[in-house]
>>> print(open('input.cif').read())   # mmCIF, C-alpha atoms
data_upload
#
loop_
_atom_site.label_atom_id
_atom_site.label_comp_id
_atom_site.auth_asym_id
_atom_site.auth_seq_id
_atom_site.Cartn_x
_atom_site.Cartn_y
_atom_site.Cartn_z
CA MET A 1 0.00 0.00 0.00
CA GLN A 2 1.49 3.33 -1.09
CA ILE A 3 0.21 6.19 1.05
CA LEU A 4 0.32 9.86 0.12
CA VAL A 5 -0.42 12.57 2.68
CA GLN A 6 -2.11 15.75 1.48
CA LYS A 7 -2.74 18.79 3.67
CA PHE A 8 -5.19 21.55 2.74
CA GLY A 9 -5.28 24.91 4.52
CA GLY A 10 -8.23 26.98 5.64
CA THR A 11 -8.87 28.90 2.42
CA SER A 12 -8.66 25.65 0.43
CA VAL A 13 -11.62 24.17 2.32
CA GLU A 14 -13.52 27.39 2.98
CA THR A 15 -16.16 27.13 0.22
CA GLU A 16 -17.77 24.36 -1.79
CA GLU A 17 -16.09 25.77 -4.90
CA ASN A 18 -12.65 25.66 -3.28
CA ARG A 19 -13.27 22.15 -1.96
CA GLY A 20 -13.97 21.19 -5.56
CA PHE A 21 -10.29 21.90 -6.33
CA VAL A 22 -9.32 19.85 -3.28
CA ILE A 23 -11.34 16.89 -4.54
CA GLN A 24 -9.68 17.19 -7.96
CA HIS A 25 -6.26 16.77 -6.32
CA ILE A 26 -7.53 13.82 -4.31
CA LYS A 27 -8.93 12.11 -7.41
CA ALA A 28 -5.71 12.76 -9.33
CA ALA A 29 -3.72 11.01 -6.60
CA LEU A 30 -6.17 8.10 -6.49
CA LYS A 31 -5.65 7.61 -10.25
CA GLN A 32 -1.97 7.09 -9.43
CA GLN A 33 -3.00 4.20 -7.15
CA TYR A 34 -2.25 5.96 -3.88
CA LYS A 35 -4.17 5.57 -0.68
CA LEU A 36 -4.63 9.02 0.85
CA VAL A 37 -4.45 10.58 4.28
CA VAL A 38 -5.89 14.09 3.89
CA VAL A 39 -5.30 16.60 6.70
CA VAL A 40 -7.53 19.67 6.83
CA SER A 41 -7.52 22.99 8.65
CA ALA A 42 -10.55 24.93 9.90
CA MET A 43 -12.62 26.52 7.14
CA GLY A 44 -11.41 29.94 6.06
CA ARG A 45 -10.40 32.94 8.07
CA LYS A 46 -12.32 35.42 10.15
CA PRO A 47 -15.24 36.21 9.69
CA ALA A 48 -15.94 32.75 8.19
CA PRO A 49 -18.24 31.04 10.73
CA TYR A 50 -15.98 28.10 11.59
CA ALA A 51 -12.57 29.80 11.30
CA THR A 52 -10.34 29.63 14.37
CA ASP A 53 -10.46 33.39 15.00
CA THR A 54 -14.26 33.35 14.70
CA LEU A 55 -14.48 30.60 17.31
CA LEU A 56 -12.29 32.69 19.60
CA ASN A 57 -14.72 35.58 19.24
CA LEU A 58 -17.52 33.39 20.58
CA VAL A 59 -15.95 33.58 24.04
CA GLY A 60 -14.68 37.14 23.81
CA PHE A 61 -11.00 36.27 23.39
CA PRO A 62 -8.63 37.45 24.83
CA ALA A 63 -10.86 38.34 27.80
CA GLN A 64 -12.47 34.89 28.01
CA HIS A 65 -13.00 33.12 31.33
CA ASN A 66 -12.29 29.59 30.10
CA THR A 67 -9.21 27.65 31.06
CA ASN A 68 -6.80 26.69 28.28
CA ARG A 69 -8.19 23.17 28.49
CA GLU A 70 -11.66 24.47 27.71
CA MET A 71 -10.30 26.72 24.98
CA ASP A 72 -8.86 23.66 23.26
CA MET A 73 -12.29 22.04 23.35
CA LEU A 74 -13.59 25.05 21.43
CA LEU A 75 -10.67 25.52 19.05
CA SER A 76 -10.64 21.89 17.93
CA CYS A 77 -14.17 22.23 16.53
CA GLY A 78 -13.15 24.03 13.33
CA GLU A 79 -10.96 21.23 11.99
CA THR A 80 -13.46 18.58 13.01
CA ILE A 81 -16.16 20.33 10.97
CA SER A 82 -13.83 20.55 7.95
CA ALA A 83 -13.04 16.84 8.11
CA ALA A 84 -16.70 15.81 8.28
CA VAL A 85 -17.76 18.16 5.47
CA LEU A 86 -14.99 17.13 3.07
CA SER A 87 -15.58 13.43 3.79
CA ASN A 88 -19.26 13.91 2.99
CA GLU A 89 -18.50 15.63 -0.32
CA LEU A 90 -16.04 12.91 -1.32
CA LYS A 91 -18.70 10.27 -0.73
CA GLN A 92 -21.14 12.29 -2.83
CA GLN A 93 -18.65 11.89 -5.67
CA ASN A 94 -18.30 8.14 -5.12
CA VAL A 95 -14.94 8.34 -3.37
CA SER A 96 -14.80 5.99 -0.38
CA ALA A 97 -13.76 8.08 2.60
CA ALA A 98 -13.83 8.23 6.39
CA ALA A 99 -13.33 11.21 8.69
CA LEU A 100 -11.28 11.06 11.90
CA THR A 101 -10.48 13.56 14.61
CA GLY A 102 -6.85 13.99 15.58
CA PRO A 103 -7.27 11.79 18.69
CA GLN A 104 -9.02 9.08 16.62
CA ALA A 105 -6.07 9.20 14.21
CA GLY A 106 -3.79 8.34 17.14
CA ILE A 107 -2.14 11.71 17.76
CA LEU A 108 -0.86 11.79 21.34
CA THR A 109 0.36 15.13 22.69
CA THR A 110 1.72 16.79 25.78
CA ALA A 111 -0.74 18.50 28.14
CA ASP A 112 0.39 22.02 27.18
CA PHE A 113 -3.07 23.21 26.23
CA THR A 114 -3.27 25.57 23.20
CA GLU A 115 0.44 24.90 22.47
CA ALA A 116 0.75 21.11 22.81
CA LYS A 117 3.57 19.14 21.20
CA ILE A 118 3.07 15.83 19.43
CA LYS A 119 4.72 13.06 21.44
CA GLN A 120 3.85 10.14 19.19
CA VAL A 121 1.36 8.94 16.60
CA ASN A 122 -0.29 5.53 16.71
CA PRO A 123 -1.62 5.02 13.14
CA LYS A 124 -3.53 1.78 13.87
CA ARG A 125 -6.95 3.35 13.27
CA VAL A 126 -5.75 5.09 10.11
CA PHE A 127 -4.49 1.80 8.66
CA HIS A 128 -7.75 0.13 9.63
CA GLU A 129 -9.82 2.75 7.79
CA LEU A 130 -7.58 2.54 4.72
CA GLU A 131 -8.36 -1.16 4.41
CA THR A 132 -11.93 -0.28 3.39
CA ASN A 133 -11.58 3.33 2.23
CA ASP A 134 -9.38 5.08 -0.29
CA VAL A 135 -9.23 8.32 1.70
CA VAL A 136 -9.00 9.07 5.41
CA VAL A 137 -9.70 12.73 6.19
CA VAL A 138 -8.07 13.81 9.46
CA ALA A 139 -8.77 16.96 11.43
CA GLY A 140 -5.45 18.79 11.75
CA PHE A 141 -4.19 20.96 14.61
CA GLN A 142 -5.49 18.65 17.34
CA GLY A 143 -4.68 15.60 19.43
CA GLN A 144 -5.18 14.30 22.93
CA THR A 145 -3.21 13.70 26.09
CA ALA A 146 -2.60 10.32 27.69
CA ALA A 147 -5.49 11.20 30.00
CA GLY A 148 -7.83 11.71 27.06
CA GLU A 149 -7.97 15.51 27.14
CA ILE A 150 -8.40 17.32 23.80
CA THR A 151 -5.44 19.52 22.86
CA THR A 152 -4.46 21.85 20.03
CA ILE A 153 -0.91 22.19 18.78
CA GLY A 154 -0.62 25.88 17.98
CA ARG A 155 -0.88 27.95 14.83
CA GLY A 156 0.42 26.06 11.81
CA GLY A 157 -0.49 22.86 13.61
CA SER A 158 -2.17 21.24 10.61
CA ASP A 159 1.17 21.27 8.77
CA THR A 160 2.71 19.51 11.75
CA THR A 161 -0.16 17.01 11.87
CA ALA A 162 0.45 16.17 8.21
CA THR A 163 4.18 15.50 8.49
CA ALA A 164 3.74 13.60 11.77
CA LEU A 165 1.14 11.34 10.16
CA ALA A 166 3.34 10.91 7.08
CA LYS A 167 6.16 9.73 9.32
CA ALA A 168 3.87 7.37 11.23
CA VAL A 169 2.31 5.71 8.16
CA GLY A 170 5.50 5.67 6.08
CA ALA A 171 4.08 7.91 3.35
CA VAL A 172 5.88 8.33 0.05
CA CYS A 173 5.45 12.11 0.17
CA THR A 174 3.69 14.94 1.98
CA ASP A 175 1.92 17.51 -0.21
CA ILE A 176 1.20 20.81 1.55
CA PHE A 177 -1.45 22.69 -0.45
CA THR A 178 -1.80 26.45 0.03
CA ASP A 179 -3.19 29.42 -1.88
CA VAL A 180 0.24 30.33 -3.34
CA ASN A 181 2.21 28.59 -6.04
CA GLY A 182 4.95 26.95 -4.03
CA ILE A 183 7.88 28.62 -2.30
CA MET A 184 8.64 32.03 -3.78
CA THR A 185 11.99 33.82 -3.94
CA ALA A 186 10.34 36.62 -1.91
CA ASP A 187 6.92 37.84 -0.89
CA PRO A 188 5.22 38.66 -4.22
CA ARG A 189 3.27 41.45 -2.51
CA ILE A 190 6.61 43.23 -2.01
CA VAL A 191 8.66 41.99 -4.98
CA SER A 192 6.75 41.97 -8.25
CA GLN A 193 9.52 39.89 -9.86
CA ALA A 194 9.38 37.14 -7.22
CA ARG A 195 9.35 33.66 -8.77
CA PRO A 196 8.32 30.21 -7.56
CA LEU A 197 11.18 27.82 -6.86
CA ASP A 198 11.40 24.32 -8.25
CA THR A 199 13.56 23.00 -5.43
CA VAL A 200 14.68 24.10 -1.97
CA THR A 201 16.47 22.26 0.81
CA TYR A 202 14.91 21.38 4.16
CA THR A 203 17.30 23.80 5.83
CA GLU A 204 16.35 26.62 3.50
CA ILE A 205 12.60 26.20 3.87
CA CYS A 206 12.95 25.91 7.65
CA ASN A 207 14.99 29.11 7.82
CA LEU A 208 12.63 30.91 5.44
CA ALA A 209 9.69 29.86 7.61
CA TYR A 210 11.35 30.98 10.85
CA GLN A 211 12.28 34.31 9.25
CA GLY A 212 8.75 35.19 8.19
CA ALA A 213 7.83 33.20 5.07
CA LYS A 214 4.54 31.64 6.19
CA VAL A 215 4.05 28.93 3.59
CA VAL A 216 4.75 26.00 5.93
CA HIS A 217 5.29 25.73 9.68
CA PRO A 218 8.94 25.20 10.76
CA ARG A 219 8.07 22.31 13.11
CA ALA A 220 6.47 20.47 10.20
CA VAL A 221 9.73 20.79 8.28
CA GLU A 222 11.72 19.50 11.25
CA ILE A 223 9.58 16.36 11.34
CA ALA A 224 10.04 15.92 7.58
CA ILE A 225 13.80 16.14 8.07
CA GLU A 226 13.65 13.47 10.79
CA SER A 227 11.55 11.12 8.67
CA LYS A 228 13.38 11.86 5.39
CA ILE A 229 10.01 11.90 3.62
CA PRO A 230 9.90 14.27 0.63
CA MET A 231 7.64 17.30 0.84
CA ARG A 232 6.02 19.35 -1.90
CA ILE A 233 4.51 22.81 -1.47
CA ARG A 234 1.70 23.11 -4.01
CA CYS A 235 -1.15 25.42 -4.99
CA THR A 236 -4.69 24.15 -4.44
CA TYR A 237 -5.98 25.89 -7.55
CA LEU A 238 -3.36 24.62 -10.02
CA GLN A 239 -2.37 21.19 -11.31
CA ASP A 240 1.29 22.00 -10.79
CA GLU A 241 4.04 20.09 -9.03
CA GLY A 242 4.94 23.11 -6.89
CA THR A 243 8.20 23.29 -4.94
CA LEU A 244 10.02 20.09 -3.99
CA VAL A 245 11.78 20.14 -0.62
CA THR A 246 14.88 17.94 -0.57
CA SER A 247 17.96 17.32 1.52
CA SER A 248 20.46 18.65 -1.04
CA PRO A 249 20.54 21.85 -3.11
CA PRO A 250 20.47 21.64 -6.92
CA LYS A 251 23.88 21.67 -8.53
CA GLY A 252 25.24 23.11 -11.72
CA GLU A 253 24.17 26.77 -11.42
CA GLU A 254 26.69 29.57 -11.26
CA PHE A 255 26.49 32.98 -9.63
CA ASP A 256 29.20 35.51 -10.51
CA GLY A 257 31.34 32.67 -11.83
CA VAL A 258 31.06 30.55 -8.69
CA SER A 259 29.27 27.19 -8.78
CA GLY A 260 26.15 27.10 -6.65
CA ARG A 261 23.69 29.86 -5.89
CA PRO A 262 24.43 31.53 -2.54
CA VAL A 263 20.94 32.95 -1.89
CA THR A 264 17.71 31.09 -2.61
CA GLY A 265 15.16 33.50 -1.15
CA ILE A 266 14.56 36.67 0.82
CA ALA A 267 12.27 36.58 3.87
CA HIS A 268 11.20 39.36 6.22
CA MET A 269 9.56 40.10 9.55
CA THR A 270 7.94 43.41 10.49
CA SER A 271 6.74 45.29 13.58
CA LEU A 272 9.95 44.93 15.56
CA THR A 273 11.65 47.24 18.04
CA GLN A 274 15.41 47.39 18.46
CA ILE A 275 16.74 47.89 21.98
CA LYS A 276 20.34 48.87 22.69
CA VAL A 277 21.76 48.98 26.22
CA GLN A 278 25.24 50.34 26.91
CA THR A 279 27.06 48.18 29.50
CA LYS A 280 30.31 49.61 30.76
CA GLU A 281 30.83 47.95 34.16
CA GLU A 282 30.30 44.38 35.34
CA THR A 283 29.37 43.58 31.77
CA SER A 284 28.52 39.89 32.09
CA GLN A 285 26.27 40.43 35.10
CA MET A 286 24.46 43.29 33.38
CA GLN A 287 23.89 41.24 30.23
CA SER A 288 22.48 38.42 32.30
CA GLU A 289 20.16 40.80 34.20
CA ILE A 290 18.75 42.21 30.95
CA PHE A 291 17.80 38.87 29.41
CA LYS A 292 16.53 37.40 32.69
CA ALA A 293 14.25 40.42 33.08
CA MET A 294 12.88 40.04 29.55
CA ALA A 295 12.25 36.32 30.08
CA ALA A 296 10.52 36.89 33.41
CA ALA A 297 8.18 39.38 31.73
CA GLY A 298 7.34 36.95 28.94
CA ILE A 299 9.02 39.11 26.28
CA SER A 300 10.57 37.12 23.45
CA VAL A 301 13.94 38.49 22.31
CA ASP A 302 15.58 37.94 18.95
CA PHE A 303 18.48 39.15 16.81
CA ILE A 304 20.87 39.35 19.76
CA ASN A 305 24.25 41.07 19.37
CA ILE A 306 26.52 41.26 22.42
CA SER A 307 29.78 43.17 22.72
CA PRO A 308 31.82 44.23 25.78
CA SER A 309 30.15 47.66 25.73
CA CYS A 310 26.67 47.03 24.32
CA VAL A 311 23.75 44.62 24.22
CA ALA A 312 21.44 44.92 21.21
CA TYR A 313 18.33 42.84 20.53
CA THR A 314 14.86 43.05 19.05
CA ILE A 315 11.42 42.46 20.52
CA PRO A 316 7.90 42.47 19.05
CA GLU A 317 6.77 46.09 18.82
CA PRO A 318 3.71 45.72 21.11
CA PHE A 319 6.07 45.00 24.04
CA THR A 320 8.12 48.20 23.60
CA LYS A 321 6.69 50.19 26.51
CA LYS A 322 6.80 47.21 28.84
CA ALA A 323 10.43 46.45 28.02
CA ALA A 324 11.46 50.10 28.40
CA ALA A 325 9.83 50.28 31.82
CA ILE A 326 11.56 47.10 32.99
CA LEU A 327 14.98 48.32 31.86
CA GLY A 328 14.36 51.70 33.49
CA ARG A 329 13.65 50.02 36.82
CA LEU A 330 16.96 48.17 36.47
CA GLY A 331 18.74 51.50 36.10
CA PHE A 332 19.45 51.28 32.37
CA GLN A 333 18.82 54.00 29.81
CA PRO A 334 18.08 51.98 26.67
CA GLU A 335 18.23 53.36 23.16
CA ILE A 336 14.94 52.31 21.59
CA THR A 337 14.19 52.27 17.87
CA ALA A 338 10.65 51.25 17.01
CA GLY A 339 9.33 50.56 13.52
CA CYS A 340 11.99 48.06 12.46
CA ALA A 341 11.98 45.08 10.11
CA LYS A 342 14.30 42.10 9.80
CA VAL A 343 15.32 41.08 6.28
CA SER A 344 16.88 37.64 5.85
CA ALA A 345 18.83 36.30 2.89
CA VAL A 346 18.59 32.49 3.01
CA GLY A 347 20.60 30.02 0.96
CA ALA A 348 22.21 26.66 1.60
CA GLY A 349 24.80 27.57 -1.03
CA MET A 350 26.26 30.56 0.79
CA ALA A 351 28.44 28.45 3.09
CA GLY A 352 32.02 28.70 1.92
CA ILE A 353 31.33 31.32 -0.76
CA PRO A 354 33.23 34.53 0.02
CA GLY A 355 31.73 37.97 -0.41
CA VAL A 356 28.04 37.23 0.19
CA ALA A 357 27.82 39.55 3.19
CA SER A 358 29.65 42.31 1.35
CA LYS A 359 27.23 42.03 -1.58
CA ILE A 360 24.31 42.42 0.82
CA VAL A 361 25.84 45.45 2.52
CA GLN A 362 26.74 47.09 -0.79
CA ALA A 363 23.30 46.47 -2.26
CA LEU A 364 21.65 48.17 0.72
CA ILE A 365 24.10 51.06 0.71
CA ASN A 366 23.43 51.60 -3.01
CA ALA A 367 19.68 51.60 -2.25
CA ASP A 368 20.21 54.17 0.55
CA VAL A 369 18.98 51.74 3.22
CA GLN A 370 20.44 52.13 6.71
CA ILE A 371 21.56 48.88 8.38
CA LEU A 372 20.77 49.01 12.08
CA GLN A 373 22.14 45.59 12.97
CA ALA A 374 23.44 42.46 11.22
CA ALA A 375 24.28 38.83 11.93
CA ASP A 376 24.93 35.67 9.97
CA SER A 377 25.05 31.88 10.06
CA HIS A 378 26.09 29.22 7.57
CA THR A 379 22.82 29.53 5.64
CA THR A 380 21.30 32.90 6.58
CA ILE A 381 22.39 36.53 6.78
CA TRP A 382 20.11 38.88 8.69
CA VAL A 383 19.93 42.67 8.58
CA LEU A 384 17.73 44.97 10.62
CA VAL A 385 16.40 48.03 8.82
CA HIS A 386 13.79 50.72 9.35
CA GLN A 387 10.40 49.32 8.36
CA LYS A 388 9.86 52.25 5.99
CA ASP A 389 12.82 50.87 3.99
CA LEU A 390 11.56 47.28 3.93
CA LYS A 391 10.29 47.17 0.35
CA THR A 392 13.40 48.91 -0.95
CA ALA A 393 15.69 46.54 0.97
CA VAL A 394 13.98 43.31 -0.09
CA ASN A 395 13.86 44.38 -3.75
CA ALA A 396 17.51 45.46 -3.67
CA LEU A 397 18.67 42.07 -2.38
CA HIS A 398 16.33 40.17 -4.70
CA GLU A 399 17.77 42.02 -7.69
CA ASN A 400 21.39 41.86 -6.48
CA PHE A 401 21.29 38.07 -6.26
CA LYS A 402 19.41 37.74 -9.57
CA LEU A 403 16.55 35.81 -8.00
CA SER A 404 14.09 36.82 -10.71
CA SER A 405 16.13 35.01 -13.38
CA HIS A 406 14.48 31.98 -14.92
CA SER A 407 17.03 29.36 -14.00
CA PRO A 408 15.84 25.85 -14.92
CA LEU A 409 17.09 24.67 -11.53
CA TYR A 410 15.75 27.35 -9.25
CA ALA A 411 12.78 29.07 -10.83
CA LYS A 412 10.46 28.74 -13.76
CA GLU A 413 7.51 30.61 -15.25
CA ARG A 414 4.15 29.23 -14.23
#
>>> encode(input="input.cif", output="structure tokens")
Amino acid sequence: MQILVQKFGGTSVETEENRGFVIQHIKAALKQQYKLVVVVSAMGRKPAPYATDTLLNLVGFPAQHNTNREMDMLLSCGETISAAVLSNELKQQNVSAAALTGPQAGILTTADFTEAKIKQVNPKRVFHELETNDVVVVAGFQGQTAAGEITTIGRGGSDTTATALAKAVGAVCTDIFTDVNGIMTADPRIVSQARPLDTVTYTEICNLAYQGAKVVHPRAVEIAIESKIPMRIRCTYLQDEGTLVTSSPPKGEEFDGVSGRPVTGIAHMTSLTQIKVQTKEETSQMQSEIFKAMAAAGISVDFINISPSCVAYTIPEPFTKKAAAILGRLGFQPEITAGCAKVSAVGAGMAGIPGVASKIVQALINADVQILQAADSHTTIWVLVHQKDLKTAVNALHENFKLSSHSPLYAKER
């Protein structure tokens, strides 16, 4: 039995018309003699009646009086409805199908309500249903604890459900269907010349996802890496193969005479605040105090640069006043720059290629974009800029690394 896992997001299952495209993809896979496990998200986005945010509104979130356990009871409803509706429509079209909740599909999680982690998947019930059905439709985003409590696994959880099930059933591939045509070289709303990519590595897609590209959840990619099961990012509304996610980058392309392309895509994150604190005495103790205070206040810090005389980091903009007050009470006078954005150049091919950072710096200088902060790793170079310069910065890097070119290995016209 060859099993293919398909995952469809909220907009894909929102309307009967959209679900028609979903059913086309299911039927196409059945013609290839696959058995299917289809994971679905809640229908649509707010104000759609069964969208997750709409369900939250029913209890006045964030001022609700429920416990997180009770919130998970509510939040799990959207995916359950999607699974039952799609299963019904498949049967109407003479496709043998069964719908399962996450717990019925054997998804066991931790008891961290609203942010549970998948501990293991027991696919016994899924295999049993596939003996008499061609398709098993599973509600994504949800599972249960060892004590039988319903849990949800956080935003992007349906992606994680899909790859976890693929690992458990030994699927040949996981297809993640979205409303965009695969992984793009940049956000097409910012870069008009952004192109879909034929192939990216697991590392690249994970880094792109963590740096703001919201096509697939990073945890889902991590599970795919562990299981070594191929993943494709596809568009619900096209019969296209989308972007293949593999373990190795394509070979044979050159950039400025060097084999291998250093940058695959540009990602970005907005609404950040940069905080700089000058530390002149007892430096190590002061640095420790700063980050302990942020953690105690529940403020997530990112983009950390530490030197003997300064600590610089970013926080989500809504926490700016809170962070400033905390640092003031500690006796610091922080330099605060709100309205920032992080731009990330991601590419598995940049390791070992000299001059990538200098090209990024020069491209931004030429575009008159001020760099507030920078850092790098083997596969990603980050720069912090003023948010007003975001579009200019992303387009400058996209053009500098020739990402709009129609390489047969990296991008093609669709």
>>> residues_around(input="input.cif", residues="A:Val135", least_positions_apart="5", cutoff="12 Å", atoms="all atoms listed in the file", output="VMD selection string")
chain A and resid 3 to 6 23 26 to 27 29 to 30 33 to 39 83 86 to 91 94 to 100 126 to 130
>>> residues_around(input="input.cif", residues="A:Ile315", least_positions_apart="3", cutoff="8 Å", atoms="all atoms listed in the file", output="PyMOL selection string")
chain A and resi 272-275+299-302+319-320
>>> axis_aligned_box(input="input.cif", around="stretch 122-134 of chain A", padding_each_side="4 Å", output="AutoDock Vina command-line options")
--center_x -6.1 --center_y 2.2 --center_z 8.2 --size_x 19.6 --size_y 14.7 --size_z 25.0
>>> closest_atom_pairs(input="input.cif", of="stretch 135-222 of chain A", to="stretch 339-353 of chain A", cutoff="12 Å", atoms="only C-alpha atoms", output="JSON lines")
{"residue": "A:Thr185", "atom": "CA", "partner": "A:Val346", "partner_atom": "CA", "distance": 9.7}
{"residue": "A:Ala186", "atom": "CA", "partner": "A:Ala345", "partner_atom": "CA", "distance": 9.8}
{"residue": "A:Asp187", "atom": "CA", "partner": "A:Val343", "partner_atom": "CA", "distance": 11.5}
{"residue": "A:Thr199", "atom": "CA", "partner": "A:Ala348", "partner_atom": "CA", "distance": 11.7}
{"residue": "A:Val200", "atom": "CA", "partner": "A:Ala348", "partner_atom": "CA", "distance": 8.7}
{"residue": "A:Thr201", "atom": "CA", "partner": "A:Ala348", "partner_atom": "CA", "distance": 7.3}
{"residue": "A:Tyr202", "atom": "CA", "partner": "A:Ala348", "partner_atom": "CA", "distance": 9.4}
{"residue": "A:Thr203", "atom": "CA", "partner": "A:Ala348", "partner_atom": "CA", "distance": 7.1}
{"residue": "A:Glu204", "atom": "CA", "partner": "A:Gly347", "partner_atom": "CA", "distance": 6.0}
{"residue": "A:Ile205", "atom": "CA", "partner": "A:Val346", "partner_atom": "CA", "distance": 8.7}
{"residue": "A:Cys206", "atom": "CA", "partner": "A:Val346", "partner_atom": "CA", "distance": 9.8}
{"residue": "A:Asn207", "atom": "CA", "partner": "A:Val346", "partner_atom": "CA", "distance": 6.9}
{"residue": "A:Leu208", "atom": "CA", "partner": "A:Val346", "partner_atom": "CA", "distance": 6.6}
{"residue": "A:Ala209", "atom": "CA", "partner": "A:Val346", "partner_atom": "CA", "distance": 10.4}
{"residue": "A:Tyr210", "atom": "CA", "partner": "A:Ser344", "partner_atom": "CA", "distance": 10.0}
{"residue": "A:Gln211", "atom": "CA", "partner": "A:Ser344", "partner_atom": "CA", "distance": 6.6}
{"residue": "A:Gly212", "atom": "CA", "partner": "A:Ser344", "partner_atom": "CA", "distance": 8.8}
{"residue": "A:Ala213", "atom": "CA", "partner": "A:Ser344", "partner_atom": "CA", "distance": 10.1}
>>> residues_near_point(input="input.cif", point="(1.5, 20.6, 9.3)", cutoff="12 Å", atoms="all atoms listed in the file", output="ChimeraX atom specification")
/A:5-9,38-41,118,138-142,153-167,174-178,214-224,231,233
>>> closest_residue(input="input.cif", among="A:Val383, A:Pro262, A:Thr279, A:Pro49", to="A:Thr314", atoms="only C-alpha atoms")
A:Val383
>>> residues_around(input="input.cif", residues="A:Leu403", least_positions_apart="3", cutoff="8 Å", atoms="all atoms listed in the file", output="ChimeraX atom specification")
/A:185,194-195,264-265,398-400
